[in-house]
Amino acid sequence: MDTDYFDSFLETARQKSISKASEKLNLSPPALSKQIKRLESYYGTALFYRSTSGVELTPSGELLAERIQPLLHELAQIQREMQACRQKRRIRLGTLPSLAAHYLPKRILALESAAIEIELTVRPTSTEIFALLKEEKLDAAVIERIPVHKSLRVVDLFEEHFYAVTRTSDPLVKATTVSLSQLAEVPLVMYPPNCSVRKTVGLIMAAHGHVPAIKMEVGFGDFLLGFVAAGAGMAIVPELVALHLPHADLQAIPIKEEAAKRTISLISHSASNEKALLRYFA
């Protein structure tokens, strides 16, 4: 049954007149009368009492009007929701350079194929990304797990171990792992002090009585490994970086200590964004 017939029926009931209802519905009176007669034929009962002064609902008509109005409202709501689904959704996502380069590209393309547009913001530290999230300039973030207010939603995605990167000519490349005590004896090329990897490694070394010998401190960017390739020293990087070294004469060695790792989490403001992203991030 065409839902337009129900709309015509309800408008006629409100106007108590075929002629007045036809004007509202932009239908001719004969066309409106035909729709009502089809409804009456479908249900096998008269829906209106007809007279020269207008129309009135019969008991059957009153029952239909009472039952059909919430159904039409629900159908209209479904239509609105389906239209919203067809429109592209946008999520402002913040993340770190290594994750933007090696973890997110395929996932972002999958999201976009599902009509979810990702507006990506990349900053060198999780602290900077989290600040944008707190200011609600981002809807979600994929960063290192950090303590957050209970109002934010946090889901751990994966653990990422740290690796030492050195030149292939270094005798250490023959080892399957390298210890922090060994790293304490070699010159290191490191990111600035606000780098979380540097902070974590420094804390672990301090816990074991070691002090890292930082020979060179460079700004954030891929050129850190360029200095390693040039012979400035060794670097400590996350696993995703270690698996995608930009220089053929570099090699990554796993760091032995279990604590030398970080947990990457999805942090978001809403359950809706969390659910949408986890379908592709989990």
# chains A, B, ... in the order shown; residues from 1 in each chain; ligands from 1
>>> residues_around(residues="Leu111 in chain A", least_positions_apart="2", cutoff="10 Å", atoms="only C-alpha atoms", output="PyMOL selection string")
chain A and resi 89+105-109+113-118+276-277+279-281
>>> residues_around(residues="range 158-167 of chain A", least_positions_apart="3", cutoff="7 Å", atoms="only C-alpha atoms", output="VMD selection string")
chain A and resid 170 228 to 229 234 to 239 242 249 to 255 260 to 264
>>> closest_residue(among="A:Gly94, A:Gly202, A:Gly233, A:Pro30", to="Ile267 in chain A", atoms="only C-alpha atoms")
A:Gly94
>>> select_by_dssp(residues="range 31-226 of chain A", states="strand (DSSP E)", output="ChimeraX atom specification")
/A:48-51,54-57,89-95,116-122,140-144,153-167,187-190,213-217
>>> select_by_dssp(residues="range 5-249 of chain A", states="helix (DSSP H, G or I)", output="ChimeraX atom specification")
/A:5-15,18-25,29-43,59-86,97-102,105-113,126-134,171-174,180-183,196-207,223-229,239-242
>>> residues_around(residues="range 135-140 of chain A", least_positions_apart="6", cutoff="12 Å", atoms="only C-alpha atoms", output="PyMOL selection string")
chain A and resi 90-95+118-122+128-129+152-155+265-278
>>> closest_residue(among="A:Leu72, A:Tyr43, A:Val173, A:Gly54", to="Asp7 in chain A", atoms="only C-alpha atoms")
A:Leu72
>>> residues_around(residues="Thr58 in chain A", least_positions_apart="2", cutoff="9 Å", atoms="only C-alpha atoms", output="list in words")
Ala46, Leu47, Phe48, Tyr49, Glu56, Ser60, Gly61, Glu62 and Leu63 of chain A
>>> write_last_selection(atoms="N, CA and C atoms", output="PDB file, in the first residue's frame")
ATOM      1  N   ALA A  46     -15.801   0.794   5.509  1.00  0.00           N
ATOM      2  CA  ALA A  46     -15.890   2.226   5.268  1.00  0.00           C
ATOM      3  C   ALA A  46     -15.060   2.979   6.300  1.00  0.00           C
ATOM      4  N   LEU A  47     -14.344   3.985   5.839  1.00  0.00           N
ATOM      5  CA  LEU A  47     -13.497   4.782   6.735  1.00  0.00           C
ATOM      6  C   LEU A  47     -14.127   6.137   7.060  1.00  0.00           C
ATOM      7  N   PHE A  48     -15.043   6.585   6.221  1.00  0.00           N
ATOM      8  CA  PHE A  48     -15.697   7.885   6.444  1.00  0.00           C
ATOM      9  C   PHE A  48     -17.215   7.761   6.277  1.00  0.00           C
ATOM     10  N   TYR A  49     -17.932   8.559   7.073  1.00  0.00           N
ATOM     11  CA  TYR A  49     -19.334   8.843   6.806  1.00  0.00           C
ATOM     12  C   TYR A  49     -19.354  10.052   5.887  1.00  0.00           C
ATOM     13  N   GLU A  56     -16.883  12.445   8.071  1.00  0.00           N
ATOM     14  CA  GLU A  56     -16.530  12.141   9.454  1.00  0.00           C
ATOM     15  C   GLU A  56     -15.993  10.718   9.506  1.00  0.00           C
ATOM     16  N   SER A  60     -14.093   2.428  12.246  1.00  0.00           N
ATOM     17  CA  SER A  60     -12.944   1.817  11.570  1.00  0.00           C
ATOM     18  C   SER A  60     -11.930   2.879  11.167  1.00  0.00           C
ATOM     19  N   GLY A  61     -12.432   4.017  10.701  1.00  0.00           N
ATOM     20  CA  GLY A  61     -11.540   5.101  10.321  1.00  0.00           C
ATOM     21  C   GLY A  61     -10.772   5.653  11.506  1.00  0.00           C
ATOM     22  N   GLU A  62     -11.439   5.785  12.649  1.00  0.00           N
ATOM     23  CA  GLU A  62     -10.767   6.263  13.860  1.00  0.00           C
ATOM     24  C   GLU A  62      -9.662   5.305  14.287  1.00  0.00           C
ATOM     25  N   LEU A  63      -9.929   3.993  14.180  1.00  0.00           N
ATOM     26  CA  LEU A  63      -8.918   2.994  14.537  1.00  0.00           C
ATOM     27  C   LEU A  63      -7.710   3.087  13.602  1.00  0.00           C
TER      28      LEU A  63
END
>>> atom_distance(atom1="CA of Ser17 in chain A", atom2="CA of Lys37 in chain A")
14.7 Å
>>> residues_around(residues="Ala21 in chain A", least_positions_apart="5", cutoff="10 Å", atoms="only C-alpha atoms", output="JSON, numbers by chain")
{"A": [8, 9, 10, 11, 12, 13, 14, 15, 16, 26, 27, 28, 29, 32]}
>>> write_last_selection(atoms="C-alpha atoms", output="PDB file, in the first residue's frame")
ATOM      1  CA  SER A   8      -4.303  11.564   2.106  1.00  0.00           C
ATOM      2  CA  PHE A   9      -6.543   9.682   4.511  1.00  0.00           C
ATOM      3  CA  LEU A  10      -5.171  11.536   7.553  1.00  0.00           C
ATOM      4  CA  GLU A  11      -5.410  14.945   5.874  1.00  0.00           C
ATOM      5  CA  THR A  12      -9.024  14.260   4.929  1.00  0.00           C
ATOM      6  CA  ALA A  13      -9.744  13.270   8.523  1.00  0.00           C
ATOM      7  CA  ARG A  14      -8.195  16.534   9.745  1.00  0.00           C
ATOM      8  CA  GLN A  15     -10.036  18.738   7.233  1.00  0.00           C
ATOM      9  CA  LYS A  16     -13.319  16.785   7.447  1.00  0.00           C
ATOM     10  CA  ASN A  26      -2.519  19.438  -4.310  1.00  0.00           C
ATOM     11  CA  LEU A  27      -4.811  16.691  -5.638  1.00  0.00           C
ATOM     12  CA  SER A  28      -8.082  16.903  -7.483  1.00  0.00           C
ATOM     13  CA  PRO A  29     -11.135  15.886  -5.413  1.00  0.00           C
ATOM     14  CA  LEU A  32      -8.406  11.999  -3.521  1.00  0.00           C
TER      15      LEU A  32
END
>>> decode(residues="range 56-89 of chain A", atoms="N, CA, C and O atoms", output="PDB file, in the first residue's frame")
ATOM      1  N   GLU A  56     -16.883  12.445   8.071  1.00  0.00           N
ATOM      2  CA  GLU A  56     -16.530  12.141   9.454  1.00  0.00           C
ATOM      3  C   GLU A  56     -15.993  10.718   9.506  1.00  0.00           C
ATOM      4  O   GLU A  56     -16.443   9.840   8.753  1.00  0.00           O
ATOM      5  N   LEU A  57     -15.034  10.486  10.387  1.00  0.00           N
ATOM      6  CA  LEU A  57     -14.467   9.146  10.520  1.00  0.00           C
ATOM      7  C   LEU A  57     -15.478   8.173  11.087  1.00  0.00           C
ATOM      8  O   LEU A  57     -16.224   8.483  12.031  1.00  0.00           O
ATOM      9  N   THR A  58     -15.492   6.985  10.527  1.00  0.00           N
ATOM     10  CA  THR A  58     -16.260   5.883  11.111  1.00  0.00           C
ATOM     11  C   THR A  58     -15.428   5.283  12.235  1.00  0.00           C
ATOM     12  O   THR A  58     -14.239   5.618  12.397  1.00  0.00           O
ATOM     13  N   PRO A  59     -15.959   4.398  13.040  1.00  0.00           N
ATOM     14  CA  PRO A  59     -15.135   3.715  14.052  1.00  0.00           C
ATOM     15  C   PRO A  59     -13.906   3.042  13.433  1.00  0.00           C
ATOM     16  O   PRO A  59     -12.813   3.074  14.005  1.00  0.00           O
ATOM     17  N   SER A  60     -14.093   2.428  12.246  1.00  0.00           N
ATOM     18  CA  SER A  60     -12.944   1.817  11.570  1.00  0.00           C
ATOM     19  C   SER A  60     -11.930   2.879  11.167  1.00  0.00           C
ATOM     20  O   SER A  60     -10.709   2.680  11.268  1.00  0.00           O
ATOM     21  N   GLY A  61     -12.432   4.017  10.701  1.00  0.00           N
ATOM     22  CA  GLY A  61     -11.540   5.101  10.321  1.00  0.00           C
ATOM     23  C   GLY A  61     -10.772   5.653  11.506  1.00  0.00           C
ATOM     24  O   GLY A  61      -9.576   5.975  11.402  1.00  0.00           O
ATOM     25  N   GLU A  62     -11.439   5.785  12.649  1.00  0.00           N
ATOM     26  CA  GLU A  62     -10.767   6.263  13.860  1.00  0.00           C
ATOM     27  C   GLU A  62      -9.662   5.305  14.287  1.00  0.00           C
ATOM     28  O   GLU A  62      -8.579   5.729  14.701  1.00  0.00           O
ATOM     29  N   LEU A  63      -9.929   3.993  14.180  1.00  0.00           N
ATOM     30  CA  LEU A  63      -8.918   2.994  14.537  1.00  0.00           C
ATOM     31  C   LEU A  63      -7.710   3.087  13.602  1.00  0.00           C
ATOM     32  O   LEU A  63      -6.556   3.070  14.049  1.00  0.00           O
ATOM     33  N   LEU A  64      -7.974   3.215  12.304  1.00  0.00           N
ATOM     34  CA  LEU A  64      -6.871   3.315  11.349  1.00  0.00           C
ATOM     35  C   LEU A  64      -6.048   4.572  11.600  1.00  0.00           C
ATOM     36  O   LEU A  64      -4.811   4.532  11.586  1.00  0.00           O
ATOM     37  N   ALA A  65      -6.704   5.696  11.838  1.00  0.00           N
ATOM     38  CA  ALA A  65      -5.988   6.944  12.091  1.00  0.00           C
ATOM     39  C   ALA A  65      -5.103   6.833  13.327  1.00  0.00           C
ATOM     40  O   ALA A  65      -3.963   7.305  13.346  1.00  0.00           O
ATOM     41  N   GLU A  66      -5.638   6.195  14.348  1.00  0.00           N
ATOM     42  CA  GLU A  66      -4.875   6.044  15.600  1.00  0.00           C
ATOM     43  C   GLU A  66      -3.652   5.155  15.404  1.00  0.00           C
ATOM     44  O   GLU A  66      -2.574   5.444  15.925  1.00  0.00           O
ATOM     45  N   ARG A  67      -3.821   4.074  14.614  1.00  0.00           N
ATOM     46  CA  ARG A  67      -2.734   3.117  14.464  1.00  0.00           C
ATOM     47  C   ARG A  67      -1.707   3.544  13.417  1.00  0.00           C
ATOM     48  O   ARG A  67      -0.528   3.219  13.537  1.00  0.00           O
ATOM     49  N   ILE A  68      -2.153   4.274  12.383  1.00  0.00           N
ATOM     50  CA  ILE A  68      -1.245   4.558  11.278  1.00  0.00           C
ATOM     51  C   ILE A  68      -0.331   5.741  11.545  1.00  0.00           C
ATOM     52  O   ILE A  68       0.789   5.807  11.012  1.00  0.00           O
ATOM     53  N   GLN A  69      -0.751   6.696  12.385  1.00  0.00           N
ATOM     54  CA  GLN A  69       0.068   7.900  12.598  1.00  0.00           C
ATOM     55  C   GLN A  69       1.446   7.582  13.171  1.00  0.00           C
ATOM     56  O   GLN A  69       2.453   8.076  12.650  1.00  0.00           O
ATOM     57  N   PRO A  70       1.575   6.753  14.237  1.00  0.00           N
ATOM     58  CA  PRO A  70       2.930   6.439  14.727  1.00  0.00           C
ATOM     59  C   PRO A  70       3.767   5.663  13.721  1.00  0.00           C
ATOM     60  O   PRO A  70       4.988   5.809  13.671  1.00  0.00           O
ATOM     61  N   LEU A  71       3.105   4.846  12.883  1.00  0.00           N
ATOM     62  CA  LEU A  71       3.856   4.102  11.873  1.00  0.00           C
ATOM     63  C   LEU A  71       4.430   5.047  10.818  1.00  0.00           C
ATOM     64  O   LEU A  71       5.582   4.894  10.397  1.00  0.00           O
ATOM     65  N   LEU A  72       3.648   6.019  10.388  1.00  0.00           N
ATOM     66  CA  LEU A  72       4.138   6.992   9.413  1.00  0.00           C
ATOM     67  C   LEU A  72       5.267   7.836   9.994  1.00  0.00           C
ATOM     68  O   LEU A  72       6.229   8.169   9.297  1.00  0.00           O
ATOM     69  N   HIS A  73       5.136   8.167  11.285  1.00  0.00           N
ATOM     70  CA  HIS A  73       6.208   8.927  11.953  1.00  0.00           C
ATOM     71  C   HIS A  73       7.494   8.111  11.976  1.00  0.00           C
ATOM     72  O   HIS A  73       8.584   8.635  11.714  1.00  0.00           O
ATOM     73  N   GLU A  74       7.374   6.821  12.257  1.00  0.00           N
ATOM     74  CA  GLU A  74       8.555   5.954  12.309  1.00  0.00           C
ATOM     75  C   GLU A  74       9.174   5.804  10.914  1.00  0.00           C
ATOM     76  O   GLU A  74      10.402   5.823  10.764  1.00  0.00           O
ATOM     77  N   LEU A  75       8.352   5.670   9.890  1.00  0.00           N
ATOM     78  CA  LEU A  75       8.864   5.564   8.522  1.00  0.00           C
ATOM     79  C   LEU A  75       9.605   6.834   8.116  1.00  0.00           C
ATOM     80  O   LEU A  75      10.651   6.776   7.446  1.00  0.00           O
ATOM     81  N   ALA A  76       9.085   7.988   8.518  1.00  0.00           N
ATOM     82  CA  ALA A  76       9.754   9.257   8.211  1.00  0.00           C
ATOM     83  C   ALA A  76      11.101   9.338   8.913  1.00  0.00           C
ATOM     84  O   ALA A  76      12.091   9.830   8.345  1.00  0.00           O
ATOM     85  N   GLN A  77      11.160   8.849  10.165  1.00  0.00           N
ATOM     86  CA  GLN A  77      12.410   8.860  10.903  1.00  0.00           C
ATOM     87  C   GLN A  77      13.440   7.932  10.256  1.00  0.00           C
ATOM     88  O   GLN A  77      14.624   8.282  10.145  1.00  0.00           O
ATOM     89  N   ILE A  78      12.986   6.778   9.809  1.00  0.00           N
ATOM     90  CA  ILE A  78      13.874   5.845   9.121  1.00  0.00           C
ATOM     91  C   ILE A  78      14.441   6.482   7.852  1.00  0.00           C
ATOM     92  O   ILE A  78      15.626   6.359   7.544  1.00  0.00           O
ATOM     93  N   GLN A  79      13.578   7.182   7.109  1.00  0.00           N
ATOM     94  CA  GLN A  79      14.032   7.846   5.887  1.00  0.00           C
ATOM     95  C   GLN A  79      15.105   8.887   6.184  1.00  0.00           C
ATOM     96  O   GLN A  79      16.109   8.988   5.479  1.00  0.00           O
ATOM     97  N   ARG A  80      14.905   9.658   7.260  1.00  0.00           N
ATOM     98  CA  ARG A  80      15.902  10.671   7.640  1.00  0.00           C
ATOM     99  C   ARG A  80      17.222  10.014   8.003  1.00  0.00           C
ATOM    100  O   ARG A  80      18.305  10.498   7.639  1.00  0.00           O
ATOM    101  N   GLU A  81      17.159   8.902   8.740  1.00  0.00           N
ATOM    102  CA  GLU A  81      18.377   8.209   9.147  1.00  0.00           C
ATOM    103  C   GLU A  81      19.103   7.611   7.940  1.00  0.00           C
ATOM    104  O   GLU A  81      20.335   7.610   7.877  1.00  0.00           O
ATOM    105  N   MET A  82      18.339   7.076   6.998  1.00  0.00           N
ATOM    106  CA  MET A  82      18.958   6.510   5.807  1.00  0.00           C
ATOM    107  C   MET A  82      19.621   7.592   4.967  1.00  0.00           C
ATOM    108  O   MET A  82      20.697   7.381   4.394  1.00  0.00           O
ATOM    109  N   GLN A  83      19.010   8.763   4.899  1.00  0.00           N
ATOM    110  CA  GLN A  83      19.620   9.882   4.182  1.00  0.00           C
ATOM    111  C   GLN A  83      20.924  10.309   4.843  1.00  0.00           C
ATOM    112  O   GLN A  83      21.907  10.630   4.175  1.00  0.00           O
ATOM    113  N   ALA A  84      20.916  10.291   6.184  1.00  0.00           N
ATOM    114  CA  ALA A  84      22.137  10.647   6.918  1.00  0.00           C
ATOM    115  C   ALA A  84      23.248   9.647   6.639  1.00  0.00           C
ATOM    116  O   ALA A  84      24.425  10.004   6.559  1.00  0.00           O
ATOM    117  N   CYS A  85      22.872   8.369   6.489  1.00  0.00           N
ATOM    118  CA  CYS A  85      23.866   7.339   6.198  1.00  0.00           C
ATOM    119  C   CYS A  85      24.516   7.558   4.834  1.00  0.00           C
ATOM    120  O   CYS A  85      25.678   7.234   4.627  1.00  0.00           O
ATOM    121  N   ARG A  86      23.744   8.089   3.906  1.00  0.00           N
ATOM    122  CA  ARG A  86      24.278   8.312   2.570  1.00  0.00           C
ATOM    123  C   ARG A  86      25.229   9.505   2.532  1.00  0.00           C
ATOM    124  O   ARG A  86      26.049   9.626   1.634  1.00  0.00           O
ATOM    125  N   GLN A  87      25.098  10.386   3.500  1.00  0.00           N
ATOM    126  CA  GLN A  87      25.973  11.542   3.541  1.00  0.00           C
ATOM    127  C   GLN A  87      27.313  11.153   4.165  1.00  0.00           C
ATOM    128  O   GLN A  87      27.381  10.323   5.059  1.00  0.00           O
ATOM    129  N   LYS A  88      28.376  11.762   3.706  1.00  0.00           N
ATOM    130  CA  LYS A  88      29.710  11.427   4.192  1.00  0.00           C
ATOM    131  C   LYS A  88      29.916  11.968   5.590  1.00  0.00           C
ATOM    132  O   LYS A  88      29.654  13.130   5.866  1.00  0.00           O
ATOM    133  N   ARG A  89      30.366  11.099   6.470  1.00  0.00           N
ATOM    134  CA  ARG A  89      30.640  11.479   7.846  1.00  0.00           C
ATOM    135  C   ARG A  89      32.098  11.911   7.956  1.00  0.00           C
ATOM    136  O   ARG A  89      32.964  11.373   7.274  1.00  0.00           O
TER     137      ARG A  89
END
